[in-house]
>>> print(open('run07.csv').read())   # CSV, C-alpha atoms
chain,number,residue,atom,x,y,z
A,1,MET,CA,50.8,-1.1,-18.0
A,2,LEU,CA,51.5,2.1,-19.9
A,3,ILE,CA,49.1,1.0,-22.7
A,4,SER,CA,46.3,0.3,-20.3
A,5,LEU,CA,46.8,3.6,-18.5
A,6,PHE,CA,46.7,5.3,-21.9
A,7,ALA,CA,43.5,3.4,-22.9
A,8,TRP,CA,41.9,4.3,-19.5
A,9,SER,CA,42.8,8.0,-20.0
A,10,GLN,CA,41.4,8.0,-23.5
A,11,ASN,CA,38.2,6.3,-22.5
A,12,SER,CA,37.8,8.8,-19.6
A,13,ASP,CA,38.2,11.6,-22.1
A,14,ILE,CA,35.5,10.2,-24.4
A,15,LEU,CA,33.1,9.7,-21.5
A,16,GLN,CA,33.7,13.3,-20.4
A,17,GLN,CA,33.0,14.5,-24.0
A,18,ILE,CA,29.8,12.4,-24.2
A,19,LYS,CA,28.7,13.8,-20.9
A,20,SER,CA,29.4,17.4,-21.7
A,21,GLN,CA,27.6,17.0,-25.0
A,22,ALA,CA,24.5,15.6,-23.3
A,23,GLN,CA,24.6,18.5,-20.9
A,24,LYS,CA,24.3,20.9,-23.9
A,25,ILE,CA,20.9,19.4,-24.9
A,26,ASN,CA,18.0,21.6,-23.9
A,27,SER,CA,15.3,19.9,-25.9
A,28,ILE,CA,14.7,16.8,-28.0
A,29,GLU,CA,11.9,15.9,-30.4
A,30,ALA,CA,12.2,12.4,-31.9
A,31,GLY,CA,10.5,9.3,-33.1
A,32,PHE,CA,11.3,5.9,-31.6
A,33,VAL,CA,10.9,2.2,-32.2
A,34,GLN,CA,11.0,-0.1,-29.2
A,35,THR,CA,11.7,-3.8,-29.6
A,36,LYS,CA,11.2,-6.1,-26.6
A,37,ASN,CA,13.0,-9.4,-26.9
A,38,ILE,CA,11.6,-12.2,-24.7
A,39,SER,CA,14.0,-14.9,-23.8
A,40,PHE,CA,11.5,-17.8,-23.6
A,41,ILE,CA,10.0,-17.4,-27.1
A,42,ASP,CA,11.2,-16.2,-30.5
A,43,GLU,CA,8.8,-13.4,-30.3
A,44,GLN,CA,9.5,-9.7,-30.4
A,45,LEU,CA,7.1,-7.0,-29.2
A,46,ILE,CA,7.5,-4.0,-31.4
A,47,SER,CA,6.0,-0.6,-30.6
A,48,GLY,CA,6.7,2.9,-31.5
A,49,GLY,CA,5.8,6.5,-31.1
A,50,LYS,CA,7.2,10.0,-30.3
A,51,PHE,CA,9.4,11.5,-27.6
A,52,TRP,CA,9.8,15.0,-26.4
A,53,PHE,CA,12.2,16.3,-23.7
A,54,SER,CA,12.7,19.8,-22.4
A,55,ARG,CA,15.4,20.6,-19.8
A,56,PRO,CA,15.2,20.5,-16.8
A,57,ASP,CA,12.4,18.1,-16.1
A,58,LYS,CA,9.7,17.9,-18.8
A,59,MET,CA,9.2,14.8,-20.9
A,60,ARG,CA,6.5,13.1,-23.0
A,61,TRP,CA,7.0,9.5,-24.0
A,62,GLU,CA,4.1,8.5,-26.3
A,63,TYR,CA,3.5,5.1,-27.9
A,64,GLN,CA,1.3,5.4,-31.0
A,65,ILE,CA,1.5,1.9,-32.4
A,66,PRO,CA,0.2,-0.8,-31.9
A,67,PHE,CA,-1.5,0.9,-28.9
A,68,PHE,CA,-1.8,4.4,-27.5
A,69,TYR,CA,0.0,4.9,-24.2
A,70,SER,CA,1.6,8.1,-23.0
A,71,ILE,CA,3.7,9.2,-20.0
A,72,ILE,CA,4.0,12.9,-19.4
A,73,ILE,CA,6.5,14.1,-16.8
A,74,ASN,CA,6.3,17.7,-15.8
A,75,GLY,CA,8.4,18.3,-12.6
A,76,ASP,CA,7.0,15.9,-10.0
A,77,ASN,CA,3.7,15.5,-11.8
A,78,ILE,CA,3.4,12.3,-13.8
A,79,ILE,CA,0.4,11.7,-16.0
A,80,VAL,CA,-0.2,8.4,-17.6
A,81,ILE,CA,-2.8,8.2,-20.5
A,82,ASP,CA,-3.7,4.6,-21.3
A,83,ASP,CA,-5.9,4.7,-24.3
A,84,LYS,CA,-8.5,7.1,-23.0
A,85,LYS,CA,-7.9,6.6,-19.3
A,86,GLU,CA,-5.9,9.3,-17.5
A,87,SER,CA,-4.1,8.7,-14.2
A,88,ARG,CA,-2.0,11.1,-12.2
A,89,PHE,CA,0.9,10.3,-9.9
A,90,ASP,CA,3.3,12.3,-7.7
A,91,ALA,CA,6.9,11.3,-8.4
A,92,ALA,CA,7.9,12.6,-4.9
A,93,SER,CA,5.5,10.2,-3.2
A,94,ASN,CA,5.1,7.3,-5.6
A,95,ALA,CA,8.4,5.3,-5.4
A,96,MET,CA,8.0,3.4,-8.6
A,97,PHE,CA,7.1,6.3,-10.8
A,98,GLY,CA,9.7,8.4,-9.0
A,99,GLN,CA,12.4,5.9,-10.0
A,100,ILE,CA,11.1,5.6,-13.6
A,101,LYS,CA,11.2,9.4,-13.9
A,102,GLN,CA,14.8,9.5,-12.5
A,103,VAL,CA,16.2,6.8,-14.8
A,104,ILE,CA,14.7,8.3,-18.0
A,105,MET,CA,15.6,11.8,-17.2
A,106,ASN,CA,19.2,10.9,-16.1
A,107,MET,CA,19.7,9.0,-19.4
A,108,VAL,CA,18.8,12.0,-21.4
A,109,ASN,CA,20.4,14.8,-19.5
A,110,GLY,CA,23.7,13.1,-18.8
A,111,LYS,CA,23.3,12.9,-15.1
A,112,MET,CA,23.5,9.1,-15.3
A,113,PHE,CA,27.3,9.4,-15.5
A,114,ASP,CA,27.4,10.8,-11.9
A,115,ASP,CA,24.7,8.5,-10.5
A,116,PRO,CA,26.2,6.3,-7.8
A,117,ASP,CA,23.7,3.5,-8.6
A,118,TYR,CA,25.6,2.8,-11.8
A,119,HIS,CA,29.1,2.0,-12.9
A,120,ALA,CA,30.0,3.3,-16.4
A,121,THR,CA,32.4,1.6,-18.8
A,122,LEU,CA,33.0,2.4,-22.5
A,123,LYS,CA,33.3,0.2,-25.5
A,124,GLU,CA,33.2,0.7,-29.3
A,125,GLU,CA,30.7,-1.0,-31.7
A,126,ASN,CA,30.7,0.0,-35.4
A,127,ASN,CA,29.8,3.7,-35.6
A,128,TYR,CA,29.0,4.0,-31.9
A,129,PHE,CA,30.6,4.6,-28.6
A,130,VAL,CA,28.6,2.4,-26.2
A,131,VAL,CA,28.5,3.3,-22.6
A,132,ASN,CA,27.5,0.4,-20.4
A,133,PHE,CA,25.9,1.4,-17.1
A,134,GLU,CA,26.1,-1.6,-14.8
A,135,THR,CA,23.6,-1.5,-12.0
A,136,VAL,CA,25.3,-1.3,-8.7
A,137,ASN,CA,22.2,-0.7,-6.5
A,138,GLN,CA,21.0,-4.1,-5.3
A,139,ALA,CA,17.3,-3.2,-5.3
A,140,MET,CA,17.5,-1.9,-8.9
A,141,LYS,CA,19.5,-5.1,-9.9
A,142,ALA,CA,16.3,-7.1,-9.4
A,143,TYR,CA,14.9,-5.4,-12.5
A,144,ILE,CA,17.7,-4.1,-14.7
A,145,LEU,CA,21.2,-5.6,-14.8
A,146,SER,CA,22.6,-2.9,-17.1
A,147,ILE,CA,21.7,-0.2,-19.6
A,148,ASP,CA,23.7,0.4,-22.8
A,149,LEU,CA,23.5,3.9,-24.3
A,150,TYR,CA,24.7,4.1,-27.9
A,151,PHE,CA,26.3,7.5,-28.9
A,152,THR,CA,27.3,8.3,-32.5
A,153,LYS,CA,31.1,8.7,-32.9
A,154,SER,CA,30.6,11.8,-35.1
A,155,GLY,CA,28.5,14.0,-32.8
A,156,TYR,CA,27.9,12.0,-29.5
A,157,LEU,CA,24.2,11.9,-30.2
A,158,MET,CA,22.4,9.1,-28.4
A,159,GLU,CA,20.6,7.0,-31.0
A,160,LYS,CA,19.9,3.8,-29.1
A,161,ILE,CA,19.2,2.5,-25.6
A,162,LYS,CA,19.4,-1.2,-24.6
A,163,MET,CA,18.1,-2.3,-21.2
A,164,ASN,CA,19.2,-5.7,-20.1
A,165,GLU,CA,16.8,-7.2,-17.6
A,166,ALA,CA,17.5,-9.6,-14.7
A,167,SER,CA,14.9,-12.0,-16.2
A,168,GLY,CA,17.0,-12.5,-19.4
A,169,ASP,CA,14.9,-10.3,-21.6
A,170,ASP,CA,16.1,-7.1,-23.2
A,171,THR,CA,14.4,-3.9,-24.5
A,172,VAL,CA,16.0,-1.9,-27.4
A,173,ILE,CA,14.8,1.6,-28.1
A,174,GLU,CA,16.1,3.3,-31.3
A,175,PHE,CA,15.5,7.0,-32.0
A,176,ASN,CA,14.9,8.5,-35.4
A,177,ASN,CA,14.4,12.0,-36.9
A,178,GLN,CA,15.9,13.7,-33.9
A,179,ASN,CA,15.5,17.5,-33.6
A,180,ILE,CA,17.9,18.8,-31.0
A,181,ASN,CA,17.5,22.2,-29.3
A,182,GLN,CA,14.5,23.3,-31.4
A,183,PRO,CA,11.7,25.2,-29.7
A,184,LEU,CA,8.9,22.9,-28.5
A,185,PRO,CA,5.2,23.9,-28.0
A,186,GLY,CA,4.3,23.9,-24.3
A,187,HIS,CA,1.2,21.8,-24.9
A,188,VAL,CA,3.2,18.6,-25.6
A,189,PHE,CA,3.8,18.4,-21.9
A,190,GLU,CA,0.1,18.7,-21.1
A,191,PRO,CA,-2.5,15.8,-21.5
B,1,MET,CA,13.5,-22.1,-25.2
B,2,LEU,CA,10.7,-24.6,-26.0
B,3,PRO,CA,11.8,-28.0,-27.3
B,4,ALA,CA,11.5,-28.2,-31.1
B,5,PHE,CA,8.7,-30.8,-31.0
B,6,ALA,CA,6.4,-28.8,-28.8
B,7,GLN,CA,3.4,-27.3,-30.6
B,8,HIS,CA,2.6,-23.9,-29.3
B,9,VAL,CA,0.2,-21.2,-30.4
B,10,ILE,CA,1.1,-17.6,-29.5
B,11,MET,CA,-1.4,-14.8,-29.0
B,12,LYS,CA,-0.7,-11.2,-28.0
B,13,TYR,CA,-3.1,-8.9,-26.2
B,14,ASP,CA,-3.3,-5.3,-25.1
B,15,ALA,CA,-4.4,-6.2,-21.5
B,16,ASP,CA,-5.6,-4.7,-18.3
B,17,MET,CA,-5.6,-6.9,-15.3
B,18,LEU,CA,-7.1,-6.3,-11.8
B,19,VAL,CA,-5.4,-8.6,-9.3
B,20,GLN,CA,-5.8,-8.2,-5.6
B,21,GLY,CA,-7.0,-4.7,-6.1
B,22,LYS,CA,-3.9,-3.7,-8.1
B,23,SER,CA,-4.5,-2.6,-11.7
B,24,MET,CA,-1.9,-3.7,-14.2
B,25,SER,CA,-1.8,-2.5,-17.8
B,26,GLY,CA,0.5,-4.0,-20.5
B,27,ILE,CA,0.9,-6.6,-23.2
B,28,LEU,CA,-0.1,-10.2,-22.4
B,29,ILE,CA,1.5,-13.0,-24.4
B,30,GLN,CA,-0.2,-16.4,-24.3
B,31,SER,CA,1.9,-19.4,-25.5
B,32,GLU,CA,-0.3,-22.5,-25.6
B,33,THR,CA,0.8,-26.1,-25.7
B,34,ASP,CA,-1.2,-29.3,-25.4
B,35,SER,CA,-0.8,-29.4,-21.6
B,36,SER,CA,-0.4,-25.8,-20.4
B,37,ASN,CA,-0.8,-22.1,-21.1
B,38,ARG,CA,2.2,-19.9,-20.5
B,39,PHE,CA,1.4,-16.2,-19.9
B,40,ILE,CA,4.0,-13.5,-20.0
B,41,PHE,CA,2.9,-10.0,-19.0
B,42,VAL,CA,5.0,-7.1,-20.0
B,43,SER,CA,4.5,-3.4,-19.1
B,44,LYS,CA,4.1,-1.0,-22.1
B,45,LEU,CA,7.4,0.5,-21.2
B,46,GLY,CA,9.0,-2.9,-21.7
B,47,LEU,CA,9.6,-4.3,-18.2
B,48,LYS,CA,8.3,-7.8,-17.5
B,49,PHE,CA,5.7,-8.1,-14.7
B,50,PHE,CA,5.4,-11.9,-14.7
B,51,ASP,CA,5.9,-15.2,-16.6
B,52,VAL,CA,3.5,-17.8,-15.3
B,53,GLU,CA,2.6,-21.2,-16.6
B,54,VAL,CA,-0.7,-22.8,-15.7
B,55,GLY,CA,-2.0,-26.3,-16.3
B,56,LYS,CA,-5.0,-26.8,-18.7
B,57,THR,CA,-6.8,-29.4,-16.8
B,58,ASP,CA,-6.0,-28.8,-13.2
B,59,PHE,CA,-5.0,-25.7,-11.2
B,60,SER,CA,-1.3,-26.2,-11.1
B,61,TYR,CA,1.1,-23.4,-11.9
B,62,THR,CA,4.8,-22.6,-12.3
B,63,ILE,CA,6.2,-19.2,-11.7
B,64,HIS,CA,9.0,-18.6,-14.2
B,65,TYR,CA,9.3,-14.9,-13.2
B,66,PHE,CA,7.4,-12.5,-11.0
B,67,SER,CA,8.5,-8.9,-10.7
B,68,PRO,CA,9.7,-8.2,-7.1
B,69,ALA,CA,7.7,-4.9,-7.2
B,70,PHE,CA,4.4,-6.9,-7.2
B,71,LYS,CA,5.4,-10.2,-5.6
B,72,THR,CA,3.3,-11.1,-2.7
B,73,GLU,CA,2.1,-14.7,-2.1
B,74,LYS,CA,-1.5,-13.6,-2.4
B,75,ARG,CA,-0.9,-11.7,-5.6
B,76,VAL,CA,1.0,-14.7,-7.2
B,77,ILE,CA,-1.9,-17.0,-6.4
B,78,GLY,CA,-4.4,-14.3,-7.6
B,79,VAL,CA,-2.6,-14.0,-10.9
B,80,ALA,CA,-2.3,-17.7,-11.4
B,81,LYS,CA,-6.1,-18.1,-10.8
B,82,GLU,CA,-6.9,-15.3,-13.3
B,83,LEU,CA,-4.7,-17.0,-15.9
B,84,PHE,CA,-6.2,-20.4,-15.2
B,85,VAL,CA,-9.7,-18.9,-15.9
B,86,LEU,CA,-8.3,-17.1,-18.9
B,87,GLY,CA,-6.9,-20.3,-20.3
B,88,TYR,CA,-10.4,-21.8,-20.2
B,89,ASN,CA,-12.0,-18.7,-21.7
B,90,ASN,CA,-9.7,-18.9,-24.7
B,91,ALA,CA,-10.5,-22.6,-25.2
B,92,GLU,CA,-13.2,-23.5,-27.6
B,93,SER,CA,-16.6,-22.2,-26.4
B,94,GLY,CA,-18.6,-24.7,-24.3
B,95,LYS,CA,-15.6,-27.0,-24.1
B,96,VAL,CA,-16.2,-29.8,-21.5
B,97,LYS,CA,-13.4,-30.4,-19.0
B,98,GLN,CA,-13.0,-32.8,-16.2
B,99,GLN,CA,-12.8,-31.1,-12.8
B,100,LYS,CA,-12.5,-32.3,-9.2
B,101,THR,CA,-15.1,-31.0,-6.8
B,102,LYS,CA,-16.0,-31.6,-3.2
B,103,THR,CA,-18.7,-34.1,-4.3
B,104,GLY,CA,-16.3,-36.0,-6.5
B,105,ARG,CA,-15.2,-35.7,-10.2
B,106,CYS,CA,-17.6,-34.0,-12.5
B,107,LYS,CA,-17.8,-32.4,-16.0
B,108,SER,CA,-17.7,-28.7,-16.3
B,109,ALA,CA,-18.5,-26.3,-19.0
B,110,PHE,CA,-17.0,-22.8,-19.1
B,111,GLY,CA,-18.0,-19.7,-21.0
B,112,LEU,CA,-17.3,-16.0,-20.9
B,113,LEU,CA,-20.4,-13.9,-20.4
B,114,GLY,CA,-19.5,-10.2,-20.4
B,115,LYS,CA,-17.5,-9.6,-17.3
B,116,ARG,CA,-18.3,-13.0,-15.7
B,117,VAL,CA,-17.2,-16.6,-16.3
B,118,LYS,CA,-20.0,-19.1,-16.1
B,119,VAL,CA,-18.9,-22.5,-14.7
B,120,CYS,CA,-21.5,-25.3,-14.8
B,121,CYS,CA,-21.0,-28.6,-13.3
B,122,LEU,CA,-22.8,-31.9,-13.9
B,123,ASP,CA,-22.1,-34.3,-11.0
B,124,SER,CA,-22.7,-38.0,-10.6
B,125,HIS,CA,-26.3,-37.4,-9.6
B,126,THR,CA,-26.9,-35.6,-12.9
B,127,THR,CA,-27.5,-32.4,-11.1
B,128,VAL,CA,-26.4,-29.3,-12.9
B,129,THR,CA,-25.1,-26.4,-10.8
B,130,CYS,CA,-23.8,-23.2,-12.3
B,131,ARG,CA,-21.7,-20.5,-10.7
B,132,PHE,CA,-20.6,-17.1,-12.0
B,133,TYR,CA,-17.1,-15.7,-11.3
B,134,PRO,CA,-16.1,-12.1,-11.9
B,135,VAL,CA,-13.4,-11.6,-14.5
B,136,GLY,CA,-10.4,-9.4,-13.6
B,137,PHE,CA,-9.0,-8.9,-17.0
B,138,ASP,CA,-9.8,-6.9,-20.2
B,139,LEU,CA,-8.2,-8.0,-23.4
B,140,ARG,CA,-7.8,-6.7,-26.9
B,141,VAL,CA,-6.0,-8.9,-29.5
B,142,LEU,CA,-2.9,-7.3,-31.0
B,143,ASP,CA,-1.8,-8.0,-34.6
>>> encode(input="run07.csv", output="structure tokens")
Amino acid sequence: MLISLFAWSQNSDILQQIKSQAQKINSIEAGFVQTKNISFIDEQLISGGKFWFSRPDKMRWEYQIPFFYSIIINGDNIIVIDDKKESRFDAASNAMFGQIKQVIMNMVNGKMFDDPDYHATLKEENNYFVVNFETVNQAMKAYILSIDLYFTKSGYLMEKIKMNEASGDDTVIEFNNQNINQPLPGHVFEP
Amino acid sequence: MLPAFAQHVIMKYDADMLVQGKSMSGILIQSETDSSNRFIFVSKLGLKFFDVEVGKTDFSYTIHYFSPAFKTEKRVIGVAKELFVLGYNNAESGKVKQQKTKTGRCKSAFGLLGKRVKVCCLDSHTTVTCRFYPVGFDLRVLD
């Protein structure tokens, strides 16, 4: 009983440290590799590109290989550039894009820890603290069962995201060459 | 998982589909066996839109997965029809297939012509009738 109470308290401390570290991040510039594992076939879909984030609510998520696809979030404005086609959405009035924006932003800025739609638990895996966010919201559960965020044990830097889908598939995103809290040119958040 | 003995060919496409007025952009994976084509459509962000298997010789389909965000009966049937046509398009050009029609069984030839599919039918009276159907997808093969 005492041991489990101690473990709970220790986990709670680590979660708190990861959360406060995430809240210190004002900007990120990074590369990423996305691997989609499809349960039915032994095939992986691998794509990659660049990612920029600026607190409080600016982000550009850009696939550069094997296709060009970019999502730019600037407040409630969402711009999708698919090859050369540009589409604009309002996160406040488009439920799907509003939700995508919320999930991505909350993962990066640490607000996911306080999101009532998820239940967070901590585990360790090699050099990482892995926070498993189990989806509590029934509507969300139809898509995503849980999201695992991998933080380095050394500096609580998020290096990997794993999304476990209701369909049995999963998507792994690994970040590389991360520049944290460096000035970003404003044009990256424009089309 | 497919049984070990099943022969299947896998193709991947950067795809745009227009189904029931709804535009969907993503990666389309086609897994072809002797009797069916299985199509898995994944958004570029990674979420699966659908996983639908359609017969090669008749319009039968099995829904393995369909995203709740898009799932209406009309759209499911619309997607299955598009995929059925797509299965024909990817078959050998000018391939002859058996097809049931109102006037009985006949042989049909399918071919992709720009944004239309040409379906020609030779019935028991040796009359050839051809129809054109609009195509609701745009594909680019991915390596």
>>> closest_residue(input="run07.csv", among="B:Val141, B:Leu83, B:Leu47, B:Val76", to="Tyr13 of chain B", atoms="only C-alpha atoms")
B:Val141
>>> interface_residues(input="run07.csv", of="chain A", to="chain B", cutoff="8 Å", atoms="all atoms listed in the file", output="JSON, numbers by chain")
{"A": [36, 39, 40, 41, 66, 67, 69, 142, 143, 165, 167, 171]}
>>> residues_around(input="run07.csv", residues="Val52 of chain B", least_positions_apart="2", cutoff="6 Å", atoms="only C-alpha atoms", output="mmCIF file with C-alpha atoms, in the coordinates of the input")
data_model
loop_
_atom_site.group_PDB
_atom_site.id
_atom_site.type_symbol
_atom_site.label_atom_id
_atom_site.label_comp_id
_atom_site.auth_asym_id
_atom_site.auth_seq_id
_atom_site.Cartn_x
_atom_site.Cartn_y
_atom_site.Cartn_z
ATOM 1 C CA ARG B 38 2.200 -19.900 -20.500
ATOM 2 C CA PHE B 39 1.400 -16.200 -19.900
ATOM 3 C CA THR B 62 4.800 -22.600 -12.300
ATOM 4 C CA ILE B 63 6.200 -19.200 -11.700
ATOM 5 C CA HIS B 64 9.000 -18.600 -14.200
#
>>> residues_around(input="run07.csv", residues="His119 of chain A", least_positions_apart="3", cutoff="12 Å", atoms="only C-alpha atoms", output="list in words")
Met112, Phe113, Asp114, Asp115, Pro116, Leu122, Val131, Asn132, Phe133, Glu134, Thr135, Val136, Asn137, Leu145, Ser146, Ile147 and Asp148 of chain A
>>> residues_around(input="run07.csv", residues="Ala22 of chain A", least_positions_apart="6", cutoff="12 Å", atoms="only C-alpha atoms", output="tab-separated table (two decimals) with C-alpha atoms, keeping the file's coordinate frame")
chain	number	residue	atom	x	y	z
A	15	LEU	CA	33.10	9.70	-21.50
A	16	GLN	CA	33.70	13.30	-20.40
A	28	ILE	CA	14.70	16.80	-28.00
A	55	ARG	CA	15.40	20.60	-19.80
A	105	MET	CA	15.60	11.80	-17.20
A	106	ASN	CA	19.20	10.90	-16.10
A	107	MET	CA	19.70	9.00	-19.40
A	108	VAL	CA	18.80	12.00	-21.40
A	109	ASN	CA	20.40	14.80	-19.50
A	110	GLY	CA	23.70	13.10	-18.80
A	111	LYS	CA	23.30	12.90	-15.10
A	112	MET	CA	23.50	9.10	-15.30
A	113	PHE	CA	27.30	9.40	-15.50
A	149	LEU	CA	23.50	3.90	-24.30
A	151	PHE	CA	26.30	7.50	-28.90
A	155	GLY	CA	28.50	14.00	-32.80
A	156	TYR	CA	27.90	12.00	-29.50
A	157	LEU	CA	24.20	11.90	-30.20
A	158	MET	CA	22.40	9.10	-28.40
A	180	ILE	CA	17.90	18.80	-31.00
A	181	ASN	CA	17.50	22.20	-29.30
>>> atom_distance(input="run07.csv", atom1="atom CA of Lys162 of chain A", atom2="atom CA of Val33 of chain A")
11.9 Å
>>> closest_residue(input="run07.csv", among="A:Asp90, A:Glu29, A:Glu43, A:Asp13", to="Val9 of chain B", atoms="all atoms listed in the file")
A:Glu43
>>> atom_distance(input="run07.csv", atom1="atom CA of Ile72 of chain A", atom2="atom CA of Pro191 of chain A")
7.4 Å
>>> residues_around(input="run07.csv", residues="Gly75 of chain A", least_positions_apart="6", cutoff="9 Å", atoms="only C-alpha atoms", output="list in words")
Pro56, Asp57, Lys58 and Ala91 of chain A
>>> atom_distance(input="run07.csv", atom1="atom CA of Trp61 of chain A", atom2="atom CA of Ser27 of chain A")
13.4 Å
>>> closest_residue(input="run07.csv", among="A:Asn94, A:Pro185, A:Ile38, A:Ile173", to="Tyr63 of chain A", atoms="only C-alpha atoms")
A:Ile173
